[in-house]
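Shown next: upload_29.csv, given as CSV, C-alpha atoms.
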chain,number,residue,atom,x,y,z
A,1,MET,CA,-6.1,-45.2,47.2
A,2,LYS,CA,-8.8,-46.0,44.6
A,3,TYR,CA,-6.9,-44.0,41.9
A,4,GLU,CA,-3.6,-46.0,42.7
A,5,ARG,CA,-5.5,-49.3,42.6
A,6,HIS,CA,-7.2,-48.4,39.2
A,7,GLU,CA,-3.8,-47.4,37.8
A,8,LYS,CA,-2.3,-50.7,39.0
A,9,ILE,CA,-5.3,-52.6,37.4
A,10,LYS,CA,-4.7,-50.9,34.1
A,11,GLU,CA,-1.0,-51.8,34.3
A,12,LEU,CA,-1.7,-55.4,35.2
A,13,ILE,CA,-4.2,-55.8,32.4
A,14,ARG,CA,-1.8,-54.3,29.8
A,15,ASP,CA,1.1,-56.5,30.9
A,16,ASN,CA,-0.7,-59.8,31.7
A,17,ASP,CA,-3.4,-62.1,30.3
A,18,ILE,CA,-5.9,-61.8,33.1
A,19,GLU,CA,-9.0,-63.9,32.4
A,20,THR,CA,-11.0,-63.8,35.7
A,21,GLN,CA,-11.8,-61.5,38.6
A,22,ASP,CA,-10.0,-64.0,40.9
A,23,GLU,CA,-6.8,-63.7,38.9
A,24,LEU,CA,-7.0,-59.9,39.0
A,25,ALA,CA,-7.7,-59.9,42.8
A,26,GLU,CA,-4.7,-62.2,43.3
A,27,ALA,CA,-2.5,-60.0,41.2
A,28,LEU,CA,-3.6,-56.9,43.1
A,29,LYS,CA,-2.9,-58.7,46.4
A,30,CYS,CA,0.6,-59.6,45.2
A,31,ALA,CA,1.1,-55.9,44.4
A,32,GLY,CA,0.2,-54.9,47.9
A,33,PHE,CA,-3.5,-54.0,47.6
A,34,ASP,CA,-5.9,-55.4,50.1
A,35,VAL,CA,-9.0,-56.1,47.9
A,36,THR,CA,-12.1,-58.2,48.1
A,37,GLN,CA,-14.0,-59.8,45.1
A,38,ALA,CA,-16.7,-57.0,45.4
A,39,THR,CA,-14.1,-54.3,45.2
A,40,VAL,CA,-12.5,-55.9,42.1
A,41,SER,CA,-15.9,-56.3,40.5
A,42,ARG,CA,-16.7,-52.6,41.1
A,43,ASP,CA,-13.3,-51.5,39.8
A,44,ILE,CA,-13.9,-53.5,36.6
A,45,LYS,CA,-17.3,-51.8,36.1
A,46,GLU,CA,-15.9,-48.3,36.8
A,47,LEU,CA,-12.9,-48.8,34.4
A,48,LYS,CA,-15.3,-50.2,31.8
A,49,LEU,CA,-13.1,-53.2,31.3
A,50,PHE,CA,-14.4,-56.0,29.1
A,51,LYS,CA,-13.3,-59.4,27.9
A,52,ALA,CA,-12.0,-59.9,24.4
A,53,SER,CA,-10.2,-62.7,22.6
A,54,THR,CA,-6.6,-62.2,21.9
A,55,ASP,CA,-5.7,-65.4,20.2
A,56,GLY,CA,-9.0,-66.8,19.0
A,57,ASN,CA,-9.5,-68.9,22.1
A,58,GLN,CA,-8.5,-67.2,25.3
A,59,ARG,CA,-10.7,-64.3,26.5
A,60,ARG,CA,-9.0,-61.8,28.8
A,61,TYR,CA,-9.8,-58.4,30.2
A,62,VAL,CA,-8.9,-55.4,28.0
A,63,ILE,CA,-9.1,-51.7,28.5
A,64,PRO,CA,-11.5,-49.9,26.1
A,65,GLU,CA,-9.6,-47.7,23.5
A,66,ASN,CA,-12.2,-44.9,23.9
A,67,LYS,CA,-12.2,-44.2,27.6
A,68,ASP,CA,-14.7,-41.5,27.2
A,69,SER,CA,-17.5,-43.8,26.0
A,70,VAL,CA,-19.7,-45.1,28.8
A,71,SER,CA,-21.2,-47.7,26.6
A,72,ASN,CA,-18.3,-49.5,25.0
A,73,GLU,CA,-19.4,-52.7,26.5
A,74,LYS,CA,-22.8,-52.4,25.1
A,75,TYR,CA,-21.4,-51.5,21.6
A,76,VAL,CA,-19.1,-54.5,21.7
A,77,HIS,CA,-22.1,-56.7,22.7
A,78,VAL,CA,-24.2,-55.4,19.7
A,79,LEU,CA,-21.2,-55.9,17.4
A,80,ARG,CA,-20.6,-59.4,18.7
A,81,GLU,CA,-24.3,-60.4,18.4
A,82,GLY,CA,-24.8,-59.2,14.9
A,83,PHE,CA,-21.4,-60.1,13.4
A,84,VAL,CA,-21.1,-62.9,10.8
A,85,SER,CA,-17.8,-62.2,8.9
A,86,MET,CA,-15.6,-59.5,7.5
A,87,GLU,CA,-13.1,-59.1,4.7
A,88,CYS,CA,-10.8,-56.3,3.3
A,89,ALA,CA,-11.5,-55.0,-0.2
A,90,CYS,CA,-8.8,-52.4,-0.9
A,91,ASN,CA,-9.4,-49.5,1.4
A,92,LEU,CA,-12.8,-50.9,2.6
A,93,LEU,CA,-13.7,-53.4,5.3
A,94,VAL,CA,-16.8,-55.2,4.3
A,95,ILE,CA,-18.6,-56.5,7.4
A,96,LYS,CA,-21.4,-59.1,7.0
A,97,THR,CA,-24.1,-59.2,9.7
A,98,VAL,CA,-27.1,-61.2,10.6
A,99,PRO,CA,-30.0,-60.0,8.3
A,100,GLY,CA,-31.5,-56.8,9.6
A,101,MET,CA,-28.6,-56.1,12.0
A,102,ALA,CA,-26.3,-54.0,9.8
A,103,MET,CA,-27.6,-50.6,11.0
A,104,ALA,CA,-27.3,-51.5,14.7
A,105,VAL,CA,-23.8,-53.0,14.2
A,106,CYS,CA,-22.8,-50.1,12.1
A,107,ALA,CA,-23.9,-47.6,14.8
A,108,ALA,CA,-22.0,-49.7,17.4
A,109,VAL,CA,-18.8,-49.6,15.2
A,110,ASP,CA,-19.2,-45.8,14.7
A,111,ALA,CA,-19.7,-45.3,18.5
A,112,LEU,CA,-16.4,-47.1,19.2
A,113,GLU,CA,-14.7,-44.2,17.4
A,114,ILE,CA,-11.9,-46.3,15.9
A,115,ASP,CA,-9.2,-44.1,14.3
A,116,GLU,CA,-8.9,-46.0,11.0
A,117,ILE,CA,-12.5,-45.4,10.0
A,118,ILE,CA,-13.3,-42.5,7.8
A,119,GLY,CA,-16.9,-43.4,7.4
A,120,THR,CA,-19.4,-46.2,7.3
A,121,ILE,CA,-22.6,-47.1,5.4
A,122,ALA,CA,-25.0,-50.0,6.2
A,123,GLY,CA,-27.6,-51.9,4.3
A,124,ASP,CA,-29.6,-54.8,5.6
A,125,ASP,CA,-26.8,-57.3,6.3
A,126,THR,CA,-23.7,-55.6,5.0
A,127,ILE,CA,-21.6,-52.7,6.3
A,128,MET,CA,-18.9,-50.9,4.3
A,129,ALA,CA,-16.3,-49.2,6.5
A,130,ALA,CA,-14.1,-46.8,4.5
A,131,THR,CA,-10.4,-46.2,5.5
A,132,ALA,CA,-7.7,-44.1,4.0
A,133,GLY,CA,-5.9,-47.1,2.5
A,134,GLU,CA,-5.3,-50.9,2.4
A,135,GLU,CA,-3.1,-50.9,5.5
A,136,GLN,CA,-5.7,-49.0,7.6
A,137,ALA,CA,-8.3,-51.5,6.4
A,138,LYS,CA,-6.1,-54.4,7.6
A,139,ARG,CA,-5.5,-52.7,11.0
A,140,LEU,CA,-9.3,-52.1,11.3
A,141,LEU,CA,-9.9,-55.8,10.6
A,142,THR,CA,-7.4,-56.7,13.3
A,143,LYS,CA,-9.0,-54.3,15.8
A,144,LEU,CA,-12.6,-55.5,15.2
A,145,SER,CA,-11.5,-59.1,15.2
A,146,LYS,CA,-10.5,-58.7,18.9
A,147,PHE,CA,-14.1,-57.7,19.7
A,148,VAL,CA,-15.9,-60.4,17.9
A,149,VAL,CA,-13.9,-63.6,18.4

Let me see whether you can do it: turn the structure in this file into structure tokens.
Amino acid sequence: MKYERHEKIKELIRDNDIETQDELAEALKCAGFDVTQATVSRDIKELKLFKASTDGNQRRYVIPENKDSVSNEKYVHVLREGFVSMECACNLLVIKTVPGMAMAVCAAVDALEIDEIIGTIAGDDTIMAATAGEEQAKRLLTKLSKFVV
């Protein structure tokens, strides 16, 4: 039963903009699952779901890309806390951070294991993320934007 519920949660989150636990619980009930708020809360934790902005304003639940990482939420938190700005420069994504945070943010970005990244290097407040080309750098910017907005 838990497996089926988790699969339904993933489907609901992929197909709908679900912003709250209440919305997720209601969607599950409509799909025939008898759930409580506590059950939904545990499921969110077990599935390592987190909220990200999809349009610059609305924050909704998303499924981590790297399902094997137990700390995606923590990495995203570090990224969000240290982030200042980012910009593409050919095949590089230049990420500006709060002074002294580049190493931590860089480690968080590395831990997210994003496919477009070939390698990263960090200074005090700047990170250079190398990609294979300009298109990959643009895709990387789009992916990271979802975490920090």

Non-local contacts of Glu19 (chain A) (12 Å; all atoms listed in the file; under 6 positions in same chain excluded) as a list in words = Leu12, Ile13, Ala25, Glu26, Ala27, Leu49, Phe50, Lys51, Ala52, Ser53, Thr54, Asn57, Gln58, Arg59, Arg60, Tyr61 and Val62 of chain A

Best match for closeness to Asn72 (chain A) among A:Leu47, A:Gly32, A:Ile117, A:Asn16, counting all atoms listed in the file |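 Closest to Asn72 (chain A), using all atoms listed in the file: A:Leu47.
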
Find, counting only C-alpha atoms, the residue in A:Ala132, A:Val84, A:Val35, A:Leu79 that gets nearest to Glu23 (chain A).
-> A:Val35

Work out how far CA of Tyr75 (chain A) is from CA of Thr36 (chain A), in Å to one decimal.
->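 Spanning CA of Thr36 (chain A) to CA of Tyr75 (chain A) is a straight-line distance of 28.9 Å.
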
Leaving out region 99-108 of chain A and any residue of its chain fewer than 4 positions from it, which residues lie within 9 Å of it when counting all atoms listed in the file, given as a CSV table (one decimal) with C-alpha atoms, in the coordinates of the input?
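Written file, out.csv:
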chain,number,residue,atom,x,y,z
A,72,ASN,CA,-18.3,-49.5,25.0
A,74,LYS,CA,-22.8,-52.4,25.1
A,75,TYR,CA,-21.4,-51.5,21.6
A,76,VAL,CA,-19.1,-54.5,21.7
A,77,HIS,CA,-22.1,-56.7,22.7
A,78,VAL,CA,-24.2,-55.4,19.7
A,79,LEU,CA,-21.2,-55.9,17.4
A,80,ARG,CA,-20.6,-59.4,18.7
A,81,GLU,CA,-24.3,-60.4,18.4
A,82,GLY,CA,-24.8,-59.2,14.9
A,83,PHE,CA,-21.4,-60.1,13.4
A,95,ILE,CA,-18.6,-56.5,7.4
A,112,LEU,CA,-16.4,-47.1,19.2
A,120,THR,CA,-19.4,-46.2,7.3
A,121,ILE,CA,-22.6,-47.1,5.4
A,122,ALA,CA,-25.0,-50.0,6.2
A,123,GLY,CA,-27.6,-51.9,4.3
A,124,ASP,CA,-29.6,-54.8,5.6
A,125,ASP,CA,-26.8,-57.3,6.3
A,126,THR,CA,-23.7,-55.6,5.0
A,127,ILE,CA,-21.6,-52.7,6.3
A,128,MET,CA,-18.9,-50.9,4.3
A,129,ALA,CA,-16.3,-49.2,6.5

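You can rank A:Asp22, A:Asp17, A:Glu7, A:Glu116 by their closest distance to Gly133 (chain A) using all atoms listed in the file, and at the top of that list sits A:Glu116.
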
Measure the distance from CA of Val109 (chain A) to CA of Leu144 (chain A) in Å and round it to one decimal.
->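 Computed distance, CA of Val109 (chain A) to CA of Leu144 (chain A), equals 8.6 Å.
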
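Taking only C-alpha atoms into account, Gln136 (chain A) lies nearest to A:Asn91 out of the set A:Leu24, A:Thr97, A:Gln37, A:Asn91.
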
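CA of Leu92 (chain A) sits 9.5 Å away from CA of Leu140 (chain A).
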
Among the residues A:Glu11, A:Glu73, A:Glu134, A:Ala89, the one that comes closest to Ala111 (chain A) [using all atoms listed in the file] |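 Ranked by minimum distance to Ala111 (chain A), first place goes to A:Glu73.
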
Write out as a VMD selection string which residues come within 8 Å of Leu28 (chain A) when counting all atoms listed in the file, dropping same-chain ones fewer than 5 positions away.
-> chain A and resid 5 8 to 9 33 to 35

Selection from above, C-alpha atoms, as a compact mmCIF listing (two decimals), in the coordinates of the input, can you write it?
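Contents of selection-v9.txt, as written:
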# COMPACT_ATOMS: atom_id res chain seq x y z
CA ARG A 5 -5.50 -49.30 42.60
CA LYS A 8 -2.30 -50.70 39.00
CA ILE A 9 -5.30 -52.60 37.40
CA PHE A 33 -3.50 -54.00 47.60
CA ASP A 34 -5.90 -55.40 50.10
CA VAL A 35 -9.00 -56.10 47.90

Point out the residue among A:Val94, A:Ala137, A:Ala31, A:Ile63 with the least atom-to-atom distance to Ile44 (chain A), counting all atoms listed in the file.
-> A:Ile63

Atoms kept (C-alpha atoms) for region 35-134 of chain A, as a PDB file, in the first residue's frame:
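As a result, selection_37.pdb now contains:
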ATOM      1  CA  VAL A  35      -4.475   9.381   4.317  1.00  0.00           C
ATOM      2  CA  THR A  36      -3.923  11.666   7.267  1.00  0.00           C
ATOM      3  CA  GLN A  37      -1.787  14.798   7.419  1.00  0.00           C
ATOM      4  CA  ALA A  38       0.830  12.848   9.421  1.00  0.00           C
ATOM      5  CA  THR A  39       1.013  10.161   6.733  1.00  0.00           C
ATOM      6  CA  VAL A  40       1.465  12.752   3.992  1.00  0.00           C
ATOM      7  CA  SER A  41       4.161  14.488   6.022  1.00  0.00           C
ATOM      8  CA  ARG A  42       6.061  11.202   6.476  1.00  0.00           C
ATOM      9  CA  ASP A  43       5.687  10.382   2.782  1.00  0.00           C
ATOM     10  CA  ILE A  44       7.139  13.778   1.813  1.00  0.00           C
ATOM     11  CA  LYS A  45      10.124  13.137   4.070  1.00  0.00           C
ATOM     12  CA  GLU A  46      10.649   9.571   2.830  1.00  0.00           C
ATOM     13  CA  LEU A  47      10.448  10.634  -0.823  1.00  0.00           C
ATOM     14  CA  LYS A  48      12.800  13.570  -0.077  1.00  0.00           C
ATOM     15  CA  LEU A  49      10.433  15.998  -1.781  1.00  0.00           C
ATOM     16  CA  PHE A  50      11.220  19.677  -1.516  1.00  0.00           C
ATOM     17  CA  LYS A  51       9.664  22.913  -2.652  1.00  0.00           C
ATOM     18  CA  ALA A  52      11.088  24.839  -5.575  1.00  0.00           C
ATOM     19  CA  SER A  53       9.910  27.799  -7.586  1.00  0.00           C
ATOM     20  CA  THR A  54       8.704  26.990 -11.074  1.00  0.00           C
ATOM     21  CA  ASP A  55       7.677  30.445 -12.242  1.00  0.00           C
ATOM     22  CA  GLY A  56       9.592  32.828  -9.992  1.00  0.00           C
ATOM     23  CA  ASN A  57       6.695  33.143  -7.545  1.00  0.00           C
ATOM     24  CA  GLN A  58       4.861  29.893  -6.943  1.00  0.00           C
ATOM     25  CA  ARG A  59       6.687  27.279  -4.845  1.00  0.00           C
ATOM     26  CA  ARG A  60       5.565  23.712  -5.333  1.00  0.00           C
ATOM     27  CA  TYR A  61       6.717  20.236  -4.399  1.00  0.00           C
ATOM     28  CA  VAL A  62       9.247  18.655  -6.727  1.00  0.00           C
ATOM     29  CA  ILE A  63      10.971  15.298  -6.863  1.00  0.00           C
ATOM     30  CA  PRO A  64      14.758  15.394  -6.465  1.00  0.00           C
ATOM     31  CA  GLU A  65      16.598  14.524  -9.671  1.00  0.00           C
ATOM     32  CA  ASN A  66      19.152  12.451  -7.796  1.00  0.00           C
ATOM     33  CA  LYS A  67      16.997  10.000  -5.852  1.00  0.00           C
ATOM     34  CA  ASP A  68      20.034   8.287  -4.294  1.00  0.00           C
ATOM     35  CA  SER A  69      21.110  11.373  -2.357  1.00  0.00           C
ATOM     36  CA  VAL A  70      19.751  11.474   1.177  1.00  0.00           C
ATOM     37  CA  SER A  71      20.742  15.103   1.586  1.00  0.00           C
ATOM     38  CA  ASN A  72      19.344  16.854  -1.498  1.00  0.00           C
ATOM     39  CA  GLU A  73      17.200  19.062   0.712  1.00  0.00           C
ATOM     40  CA  LYS A  74      20.249  20.134   2.723  1.00  0.00           C
ATOM     41  CA  TYR A  75      22.261  20.816  -0.418  1.00  0.00           C
ATOM     42  CA  VAL A  76      19.472  22.909  -1.872  1.00  0.00           C
ATOM     43  CA  HIS A  77      19.272  24.826   1.412  1.00  0.00           C
ATOM     44  CA  VAL A  78      23.025  25.615   1.289  1.00  0.00           C
ATOM     45  CA  LEU A  79      22.715  26.628  -2.356  1.00  0.00           C
ATOM     46  CA  ARG A  80      19.750  28.881  -1.628  1.00  0.00           C
ATOM     47  CA  GLU A  81      21.388  30.503   1.429  1.00  0.00           C
ATOM     48  CA  GLY A  82      24.700  31.310  -0.278  1.00  0.00           C
ATOM     49  CA  PHE A  83      23.430  32.203  -3.730  1.00  0.00           C
ATOM     50  CA  VAL A  84      23.619  35.785  -5.055  1.00  0.00           C
ATOM     51  CA  SER A  85      23.471  35.525  -8.873  1.00  0.00           C
ATOM     52  CA  MET A  86      24.583  33.498 -11.887  1.00  0.00           C
ATOM     53  CA  GLU A  87      25.378  34.110 -15.516  1.00  0.00           C
ATOM     54  CA  CYS A  88      26.476  32.047 -18.501  1.00  0.00           C
ATOM     55  CA  ALA A  89      29.838  32.770 -20.097  1.00  0.00           C
ATOM     56  CA  CYS A  90      30.267  30.461 -23.104  1.00  0.00           C
ATOM     57  CA  ASN A  91      30.488  26.941 -21.661  1.00  0.00           C
ATOM     58  CA  LEU A  92      30.805  28.192 -18.067  1.00  0.00           C
ATOM     59  CA  LEU A  93      28.180  29.066 -15.528  1.00  0.00           C
ATOM     60  CA  VAL A  94      29.565  31.730 -13.194  1.00  0.00           C
ATOM     61  CA  ILE A  95      27.800  31.637  -9.833  1.00  0.00           C
ATOM     62  CA  LYS A  96      28.237  34.529  -7.394  1.00  0.00           C
ATOM     63  CA  THR A  97      27.753  33.792  -3.691  1.00  0.00           C
ATOM     64  CA  VAL A  98      27.771  35.571  -0.375  1.00  0.00           C
ATOM     65  CA  PRO A  99      31.436  36.243   0.559  1.00  0.00           C
ATOM     66  CA  GLY A 100      33.024  33.159   2.092  1.00  0.00           C
ATOM     67  CA  MET A 101      30.262  30.799   0.900  1.00  0.00           C
ATOM     68  CA  ALA A 102      31.540  29.736  -2.519  1.00  0.00           C
ATOM     69  CA  MET A 103      33.207  26.534  -1.275  1.00  0.00           C
ATOM     70  CA  ALA A 104      30.070  25.378   0.577  1.00  0.00           C
ATOM     71  CA  VAL A 105      27.756  26.254  -2.302  1.00  0.00           C
ATOM     72  CA  CYS A 106      30.129  24.575  -4.754  1.00  0.00           C
ATOM     73  CA  ALA A 107      30.167  21.399  -2.647  1.00  0.00           C
ATOM     74  CA  ALA A 108      26.359  21.472  -2.574  1.00  0.00           C
ATOM     75  CA  VAL A 109      26.163  21.897  -6.362  1.00  0.00           C
ATOM     76  CA  ASP A 110      28.615  19.015  -6.826  1.00  0.00           C
ATOM     77  CA  ALA A 111      26.609  16.809  -4.478  1.00  0.00           C
ATOM     78  CA  LEU A 112      23.460  17.364  -6.538  1.00  0.00           C
ATOM     79  CA  GLU A 113      25.230  15.496  -9.376  1.00  0.00           C
ATOM     80  CA  ILE A 114      23.712  17.527 -12.196  1.00  0.00           C
ATOM     81  CA  ASP A 115      24.475  15.929 -15.565  1.00  0.00           C
ATOM     82  CA  GLU A 116      25.521  19.117 -17.353  1.00  0.00           C
ATOM     83  CA  ILE A 117      28.429  19.805 -14.985  1.00  0.00           C
ATOM     84  CA  ILE A 118      31.852  18.542 -16.035  1.00  0.00           C
ATOM     85  CA  GLY A 119      33.613  20.152 -13.087  1.00  0.00           C
ATOM     86  CA  THR A 120      33.553  23.069 -10.679  1.00  0.00           C
ATOM     87  CA  ILE A 121      36.033  25.355  -8.994  1.00  0.00           C
ATOM     88  CA  ALA A 122      35.339  27.830  -6.183  1.00  0.00           C
ATOM     89  CA  GLY A 123      37.007  30.905  -4.785  1.00  0.00           C
ATOM     90  CA  ASP A 124      35.724  33.081  -1.948  1.00  0.00           C
ATOM     91  CA  ASP A 125      32.516  34.341  -3.556  1.00  0.00           C
ATOM     92  CA  THR A 126      32.597  32.923  -7.088  1.00  0.00           C
ATOM     93  CA  ILE A 127      32.094  29.460  -8.569  1.00  0.00           C
ATOM     94  CA  MET A 128      32.903  28.406 -12.114  1.00  0.00           C
ATOM     95  CA  ALA A 129      30.915  25.399 -13.290  1.00  0.00           C
ATOM     96  CA  ALA A 130      32.279  23.989 -16.551  1.00  0.00           C
ATOM     97  CA  THR A 131      29.961  22.341 -19.067  1.00  0.00           C
ATOM     98  CA  ALA A 132      30.547  20.772 -22.474  1.00  0.00           C
ATOM     99  CA  GLY A 133      29.109  23.760 -24.353  1.00  0.00           C
ATOM    100  CA  GLU A 134      26.929  26.844 -24.327  1.00  0.00           C
TER     101      GLU A 134
END
